[in-house]
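The file protein.csv comes next; it holds CSV, C-alpha atoms and all ligand atoms.
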```csv
chain,number,residue,atom,x,y,z
A,140,MET,CA,25.1,2.7,-35.8
A,141,PRO,CA,27.2,4.9,-33.4
A,142,LYS,CA,29.6,2.9,-31.2
A,143,LEU,CA,28.2,2.5,-27.7
A,144,LYS,CA,30.1,4.2,-24.9
A,145,LYS,CA,32.1,1.9,-22.6
A,146,ASN,CA,29.5,1.7,-19.8
A,147,GLU,CA,26.7,1.1,-22.3
A,148,ASP,CA,28.3,-1.9,-24.0
A,149,ALA,CA,26.4,-5.1,-24.1
A,150,ILE,CA,27.4,-7.6,-21.4
A,151,PHE,CA,27.4,-11.4,-21.4
A,152,VAL,CA,26.4,-13.7,-18.6
A,153,GLY,CA,27.5,-17.0,-20.0
A,154,SER,CA,25.9,-17.1,-23.4
A,155,GLU,CA,23.1,-14.7,-22.4
A,156,LYS,CA,23.4,-11.2,-23.9
A,157,PHE,CA,22.2,-8.2,-22.0
A,158,ILE,CA,21.9,-4.8,-23.7
A,159,PRO,CA,21.5,-1.3,-22.1
A,160,LEU,CA,18.0,-0.3,-21.4
A,161,LEU,CA,18.4,2.8,-19.1
A,162,THR,CA,21.6,4.8,-18.8
A,163,LYS,CA,23.0,6.2,-15.6
A,164,GLU,CA,22.0,9.7,-16.8
A,165,GLN,CA,18.4,8.7,-17.5
A,166,ILE,CA,18.1,6.9,-14.1
A,167,GLN,CA,19.7,9.8,-12.1
A,168,LYS,CA,17.4,12.4,-13.8
A,169,ARG,CA,14.3,10.4,-13.1
A,170,VAL,CA,15.3,9.6,-9.5
A,171,LYS,CA,15.8,13.4,-8.9
A,172,GLU,CA,12.3,14.1,-10.2
A,173,LEU,CA,10.8,11.4,-8.0
A,174,GLY,CA,12.7,12.9,-4.9
A,175,LYS,CA,11.4,16.3,-5.7
A,176,GLN,CA,7.8,15.1,-6.1
A,177,ILE,CA,8.0,13.1,-2.8
A,178,SER,CA,9.4,16.2,-1.0
A,179,LYS,CA,6.5,18.3,-2.2
A,180,ASP,CA,3.9,15.7,-1.4
A,181,TYR,CA,5.2,15.0,2.1
A,182,LYS,CA,6.0,18.6,3.1
A,183,GLY,CA,5.2,19.1,6.8
A,184,LYS,CA,5.2,15.4,7.5
A,185,LEU,CA,7.9,13.1,8.7
A,186,PRO,CA,7.6,9.9,6.5
A,187,ILE,CA,9.3,6.6,7.1
A,188,ILE,CA,10.8,5.4,3.9
A,189,ILE,CA,10.9,1.6,3.9
A,190,GLY,CA,13.1,-0.2,1.4
A,191,ILE,CA,12.6,-3.8,0.3
A,192,LEU,CA,16.0,-5.5,0.4
A,193,ASN,CA,18.1,-6.4,-1.4
A,194,GLY,CA,17.2,-4.9,-4.7
A,195,SER,CA,16.1,-1.5,-3.6
A,196,PHE,CA,19.2,-0.5,-1.8
A,197,ILE,CA,20.8,1.6,-4.6
A,198,PHE,CA,17.5,3.3,-5.7
A,199,MET,CA,16.6,4.0,-2.1
A,200,SER,CA,20.0,5.5,-1.4
A,201,ASP,CA,19.8,7.8,-4.5
A,202,LEU,CA,16.2,8.6,-3.8
A,203,VAL,CA,16.6,9.8,-0.2
A,204,LYS,CA,19.6,11.9,-1.3
A,205,ASN,CA,17.1,13.8,-3.5
A,206,ILE,CA,14.4,14.2,-0.8
A,207,ASN,CA,14.8,17.6,0.9
A,208,ILE,CA,12.5,17.2,3.8
A,209,ASN,CA,13.2,15.2,7.0
A,210,CYS,CA,12.5,11.5,6.8
A,211,GLU,CA,13.4,8.3,8.6
A,212,ILE,CA,14.4,5.0,6.9
A,213,ASP,CA,13.9,1.3,7.6
A,214,PHE,CA,14.1,-1.9,5.7
A,215,PHE,CA,12.2,-5.2,5.1
A,216,LYS,CA,14.0,-8.1,3.5
A,217,LEU,CA,12.1,-10.6,1.4
A,218,SER,CA,13.3,-13.9,0.0
A,219,SER,CA,14.5,-13.5,-3.6
A,220,TYR,CA,14.2,-15.3,-6.9
A,221,GLY,CA,17.2,-17.4,-5.9
A,222,ASP,CA,19.4,-17.9,-8.9
A,223,SER,CA,16.6,-18.0,-11.3
A,224,LYS,CA,15.1,-15.3,-13.6
A,225,ILE,CA,11.6,-16.4,-12.8
A,226,SER,CA,9.7,-15.7,-9.5
A,227,SER,CA,8.9,-18.7,-7.4
A,228,GLY,CA,5.5,-17.1,-6.7
A,229,ASP,CA,6.3,-17.4,-3.0
A,230,VAL,CA,7.3,-14.6,-0.7
A,231,LYS,CA,8.9,-15.0,2.7
A,232,LEU,CA,9.8,-12.3,5.2
A,233,ILE,CA,13.5,-12.6,6.2
A,234,LYS,CA,13.9,-9.3,8.1
A,235,GLU,CA,11.3,-7.4,10.0
A,236,LEU,CA,11.1,-3.6,10.6
A,237,ASN,CA,12.8,-2.0,13.6
A,238,ALA,CA,10.7,1.1,13.6
A,239,ASP,CA,7.2,1.5,15.2
A,240,ILE,CA,5.1,2.5,12.2
A,241,ASN,CA,1.8,2.9,14.0
A,242,ASP,CA,0.2,6.2,12.8
A,243,ARG,CA,3.2,7.1,10.6
A,244,HIS,CA,3.3,8.0,6.9
A,245,ILE,CA,5.0,5.2,5.0
A,246,ILE,CA,6.6,5.2,1.6
A,247,ILE,CA,7.6,1.7,0.5
A,248,VAL,CA,10.5,1.6,-1.9
A,249,GLU,CA,10.9,-1.2,-4.4
A,250,ASP,CA,13.4,-1.7,-7.2
A,251,ILE,CA,10.9,-3.3,-9.6
A,252,VAL,CA,7.3,-4.4,-9.6
A,253,ASP,CA,6.8,-7.5,-11.7
A,254,THR,CA,3.7,-9.5,-10.8
A,255,GLY,CA,3.0,-7.2,-7.8
A,256,LEU,CA,3.1,-10.2,-5.4
A,257,SER,CA,5.9,-8.7,-3.2
A,258,ILE,CA,4.2,-5.3,-2.9
A,259,ASP,CA,0.9,-6.8,-2.2
A,260,PHE,CA,2.4,-8.9,0.6
A,261,ILE,CA,4.3,-5.9,2.1
A,262,GLU,CA,1.3,-3.6,1.9
A,263,LYS,CA,-0.9,-6.0,3.7
A,264,LEU,CA,1.7,-6.5,6.4
A,265,ILE,CA,2.3,-2.7,6.8
A,266,LYS,CA,-1.5,-2.1,7.0
A,267,SER,CA,-1.7,-4.5,9.9
A,268,TYR,CA,0.6,-2.1,11.9
A,269,ASN,CA,-2.0,0.7,11.4
A,270,PRO,CA,0.1,3.4,9.7
A,271,ALA,CA,-1.4,6.8,9.0
A,272,SER,CA,-0.8,6.3,5.2
A,273,ILE,CA,1.0,4.1,2.7
A,274,SER,CA,2.4,5.0,-0.7
A,275,VAL,CA,4.6,3.0,-3.0
A,276,ALA,CA,7.6,4.1,-5.1
A,277,SER,CA,9.1,1.7,-7.6
A,278,LEU,CA,12.0,2.5,-9.9
A,279,LEU,CA,10.7,0.0,-12.5
A,280,VAL,CA,7.3,-1.4,-13.3
A,281,LYS,CA,6.5,-4.1,-15.8
A,282,PRO,CA,2.8,-3.3,-16.6
A,283,ASP,CA,2.3,-6.4,-18.8
A,284,SER,CA,3.3,-8.7,-15.9
A,285,LEU,CA,1.1,-7.3,-13.2
A,286,LYS,CA,-1.3,-9.9,-11.6
A,287,TYR,CA,-2.1,-8.2,-8.4
A,288,ASN,CA,-4.2,-5.0,-8.0
A,289,VAL,CA,-1.5,-2.8,-6.5
A,290,LYS,CA,-1.2,1.0,-6.8
A,291,ILE,CA,2.2,2.4,-7.5
A,292,ASN,CA,2.2,6.1,-6.6
A,293,TYR,CA,5.7,6.9,-7.8
A,294,ILE,CA,6.9,5.1,-10.9
A,295,GLY,CA,10.4,5.6,-12.3
A,296,PHE,CA,10.0,3.8,-15.7
A,297,GLU,CA,7.5,1.4,-17.2
A,298,ILE,CA,9.5,-1.4,-18.9
A,299,PRO,CA,8.7,-4.4,-21.1
A,300,ASP,CA,8.1,-7.8,-19.5
A,301,LYS,CA,11.8,-8.8,-19.8
A,302,PHE,CA,14.5,-9.7,-17.3
A,303,VAL,CA,16.7,-6.7,-16.3
A,304,ILE,CA,19.9,-6.4,-14.2
A,305,GLY,CA,21.9,-3.5,-12.8
A,306,TYR,CA,21.4,-0.6,-10.4
A,307,GLY,CA,20.5,-2.9,-7.5
A,308,LEU,CA,18.9,-5.7,-9.6
A,309,ASP,CA,20.8,-8.9,-9.6
A,310,TYR,CA,21.2,-12.1,-11.6
A,311,ALA,CA,22.2,-14.8,-9.1
A,312,GLN,CA,23.3,-12.1,-6.7
A,313,LYS,CA,25.7,-10.4,-9.1
A,314,TYR,CA,25.5,-7.2,-11.3
A,315,ARG,CA,23.8,-5.1,-8.6
A,316,ASN,CA,26.7,-2.7,-8.8
A,317,LEU,CA,26.2,-1.6,-12.5
A,318,ASN,CA,25.2,2.0,-13.0
A,319,THR,CA,23.2,1.2,-16.2
A,320,ILE,CA,20.2,-1.1,-16.3
A,321,TYR,CA,20.5,-3.9,-18.9
A,322,VAL,CA,17.8,-6.0,-20.4
A,323,LEU,CA,18.1,-9.6,-21.6
A,324,SER,CA,18.2,-9.5,-25.4
A,325,GLU,CA,16.2,-12.2,-27.2
B,1,LIG,P1,7.0,-9.4,-7.9
B,1,LIG,O1,6.7,-9.8,-6.5
B,1,LIG,O2,6.3,-8.0,-8.3
B,1,LIG,O3,6.6,-10.4,-9.0
B,1,LIG,O4,8.5,-9.2,-8.1
B,1,LIG,C1,9.2,-8.3,-7.4
B,1,LIG,C2,10.7,-8.7,-7.1
B,1,LIG,O5,11.1,-9.7,-8.1
B,1,LIG,C3,11.6,-7.6,-7.2
B,1,LIG,O6,11.8,-6.9,-6.0
B,1,LIG,C4,12.9,-8.2,-7.7
B,1,LIG,O7,13.6,-8.7,-6.6
B,1,LIG,C5,12.4,-9.4,-8.5
B,1,LIG,N1,12.4,-9.1,-10.0
B,1,LIG,C6,11.2,-8.9,-10.7
B,1,LIG,N2,11.6,-8.7,-12.0
B,1,LIG,C7,12.9,-8.7,-12.1
B,1,LIG,C8,13.9,-8.5,-13.1
B,1,LIG,O8,13.6,-8.3,-14.3
B,1,LIG,N3,15.2,-8.6,-12.8
B,1,LIG,C9,15.6,-8.9,-11.5
B,1,LIG,N4,16.9,-8.9,-11.3
B,1,LIG,N5,14.7,-9.1,-10.5
B,1,LIG,C10,13.4,-9.0,-10.8
```

Do you think you could lay out the structure here as structure tokens?
Amino acid sequence: MPKLKKNEDAIFVGSEKFIPLLTKEQIQKRVKELGKQISKDYKGKLPIIIGILNGSFIFMSDLVKNININCEIDFFKLSSYGDSKISSGDVKLIKELNADINDRHIIIVEDIVDTGLSIDFIEKLIKSYNPASISVASLLVKPDSLKYNVKINYIGFEIPDKFVIGYGLDYAQKYRNLNTIYVLSE
């Protein structure tokens, strides 16, 4: 086995071992492709890109840097998993939008779609504001965990049903600042 590079080494959170799943290079390459696709699909439109805080902030930032048409941005904030690795199955809105999205083209940006509960909740809320269109971009999707019938238009990577951290994704609010995405190793 070749020795892993420094930023790809396994990391430990207490006794739990996390190993690299997606490198910085793989993520950046894919985000660039998604930005290019969105720019093409929304040419001639002025979309509002809505990030779901906190997890989406790094993906959202890199994504908009790779979008070469005019766009506006705004954020929703939802309650998180707390310090746990398992969703409480309960979503609460903590921060509302500032923008008026009536008749606007909306792109929702998520870090990860697990059961689909958060996206389902946000989509219903956005629909109630009568936008012109809604699409969803998620860096990660866990297809085996999906419980809600949600359509993800722009998917970065499909990943196994395992807990991941890094690149915006936290474990008890930490590790969001890692460039690599790590997965809990069994
Ligand atoms: P869903 O509502 O689709 O079940 O879960 C979506 C939210 O749960 C994500 O925005 C994220 O905050 C959190 N989440 C789901 N899976 C993971 C994971 O593997 N790692 C981390 N850190 N958060 C996750």

If we count all atoms listed in the file and set the cut-off at 7 Å, which residues sit around A:Phe215, ignoring sequence neighbours fewer than 6 positions away in its own chain? Please answer as a PDB file with C-alpha atoms, in the frame of the given file.
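So the final result, stored in selection_20.pdb, reads:
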```pdb
ATOM      1  CA  GLY A 190      13.100  -0.200   1.400  1.00  0.00           C
ATOM      2  CA  ILE A 191      12.600  -3.800   0.300  1.00  0.00           C
ATOM      3  CA  LEU A 192      16.000  -5.500   0.400  1.00  0.00           C
ATOM      4  CA  LYS A 234      13.900  -9.300   8.100  1.00  0.00           C
ATOM      5  CA  GLU A 235      11.300  -7.400  10.000  1.00  0.00           C
ATOM      6  CA  LEU A 236      11.100  -3.600  10.600  1.00  0.00           C
TER       7      LEU A 236
END
```

When the cut-off is 9 Å and you count only C-alpha atoms and all ligand atoms, which residues lie near ligand LIG 1 (chain B), shown as an mmCIF file with C-alpha atoms, in the frame of the given file?
```
data_model
loop_
_atom_site.group_PDB
_atom_site.id
_atom_site.type_symbol
_atom_site.label_atom_id
_atom_site.label_comp_id
_atom_site.auth_asym_id
_atom_site.auth_seq_id
_atom_site.Cartn_x
_atom_site.Cartn_y
_atom_site.Cartn_z
ATOM 1 C CA ILE A 191 12.600 -3.800 0.300
ATOM 2 C CA LEU A 192 16.000 -5.500 0.400
ATOM 3 C CA ASN A 193 18.100 -6.400 -1.400
ATOM 4 C CA GLY A 194 17.200 -4.900 -4.700
ATOM 5 C CA SER A 195 16.100 -1.500 -3.600
ATOM 6 C CA LEU A 217 12.100 -10.600 1.400
ATOM 7 C CA SER A 218 13.300 -13.900 0.000
ATOM 8 C CA SER A 219 14.500 -13.500 -3.600
ATOM 9 C CA TYR A 220 14.200 -15.300 -6.900
ATOM 10 C CA LYS A 224 15.100 -15.300 -13.600
ATOM 11 C CA ILE A 225 11.600 -16.400 -12.800
ATOM 12 C CA SER A 226 9.700 -15.700 -9.500
ATOM 13 C CA SER A 227 8.900 -18.700 -7.400
ATOM 14 C CA GLY A 228 5.500 -17.100 -6.700
ATOM 15 C CA ASP A 229 6.300 -17.400 -3.000
ATOM 16 C CA VAL A 230 7.300 -14.600 -0.700
ATOM 17 C CA GLU A 249 10.900 -1.200 -4.400
ATOM 18 C CA ASP A 250 13.400 -1.700 -7.200
ATOM 19 C CA ILE A 251 10.900 -3.300 -9.600
ATOM 20 C CA VAL A 252 7.300 -4.400 -9.600
ATOM 21 C CA ASP A 253 6.800 -7.500 -11.700
ATOM 22 C CA THR A 254 3.700 -9.500 -10.800
ATOM 23 C CA GLY A 255 3.000 -7.200 -7.800
ATOM 24 C CA LEU A 256 3.100 -10.200 -5.400
ATOM 25 C CA SER A 257 5.900 -8.700 -3.200
ATOM 26 C CA ILE A 258 4.200 -5.300 -2.900
ATOM 27 C CA ASP A 259 0.900 -6.800 -2.200
ATOM 28 C CA PHE A 260 2.400 -8.900 0.600
ATOM 29 C CA LEU A 279 10.700 0.000 -12.500
ATOM 30 C CA VAL A 280 7.300 -1.400 -13.300
ATOM 31 C CA LYS A 281 6.500 -4.100 -15.800
ATOM 32 C CA SER A 284 3.300 -8.700 -15.900
ATOM 33 C CA LEU A 285 1.100 -7.300 -13.200
ATOM 34 C CA LYS A 286 -1.300 -9.900 -11.600
ATOM 35 C CA TYR A 287 -2.100 -8.200 -8.400
ATOM 36 C CA ASP A 300 8.100 -7.800 -19.500
ATOM 37 C CA LYS A 301 11.800 -8.800 -19.800
ATOM 38 C CA PHE A 302 14.500 -9.700 -17.300
ATOM 39 C CA VAL A 303 16.700 -6.700 -16.300
ATOM 40 C CA ILE A 304 19.900 -6.400 -14.200
ATOM 41 C CA GLY A 305 21.900 -3.500 -12.800
ATOM 42 C CA GLY A 307 20.500 -2.900 -7.500
ATOM 43 C CA LEU A 308 18.900 -5.700 -9.600
ATOM 44 C CA ASP A 309 20.800 -8.900 -9.600
ATOM 45 C CA TYR A 310 21.200 -12.100 -11.600
ATOM 46 C CA ALA A 311 22.200 -14.800 -9.100
ATOM 47 C CA GLN A 312 23.300 -12.100 -6.700
ATOM 48 C CA TYR A 314 25.500 -7.200 -11.300
ATOM 49 C CA ARG A 315 23.800 -5.100 -8.600
ATOM 50 C CA VAL A 322 17.800 -6.000 -20.400
ATOM 51 C CA LEU A 323 18.100 -9.600 -21.600
#
```

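For the atom pair formed by atom CA of A:Phe214 and atom CA of A:Ile265, the distance is 11.9 Å, given to one decimal.
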
Take the point (12.9, 14.0, 1.3) in the file's coordinates, draw a sphere of radius 12 Å around it, and report as number ranges by chain every protein, DNA or RNA residue with an atom inside or on it, counting only C-alpha atoms. A: 170-188, 199-212, 246

In Å to one decimal, how far is atom CA of A:Arg169 from atom CA of A:Ser272? 24.1 Å

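Relative to atom CA of A:Ile298, atom CA of A:Asp213 is found at 27.0 Å.
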
What residues have an atom no more than 8 Å from (8.9, 5.7, -6.0) in the file's own frame, counting only C-alpha atoms, and can you write them as a ChimeraX atom specification? /A:173,246-249,275-278,291-295

Using only C-alpha atoms, the best pick from A:Ile189, A:Phe196, A:Tyr321, A:Phe296 as closest to A:Ser274 would be A:Ile189
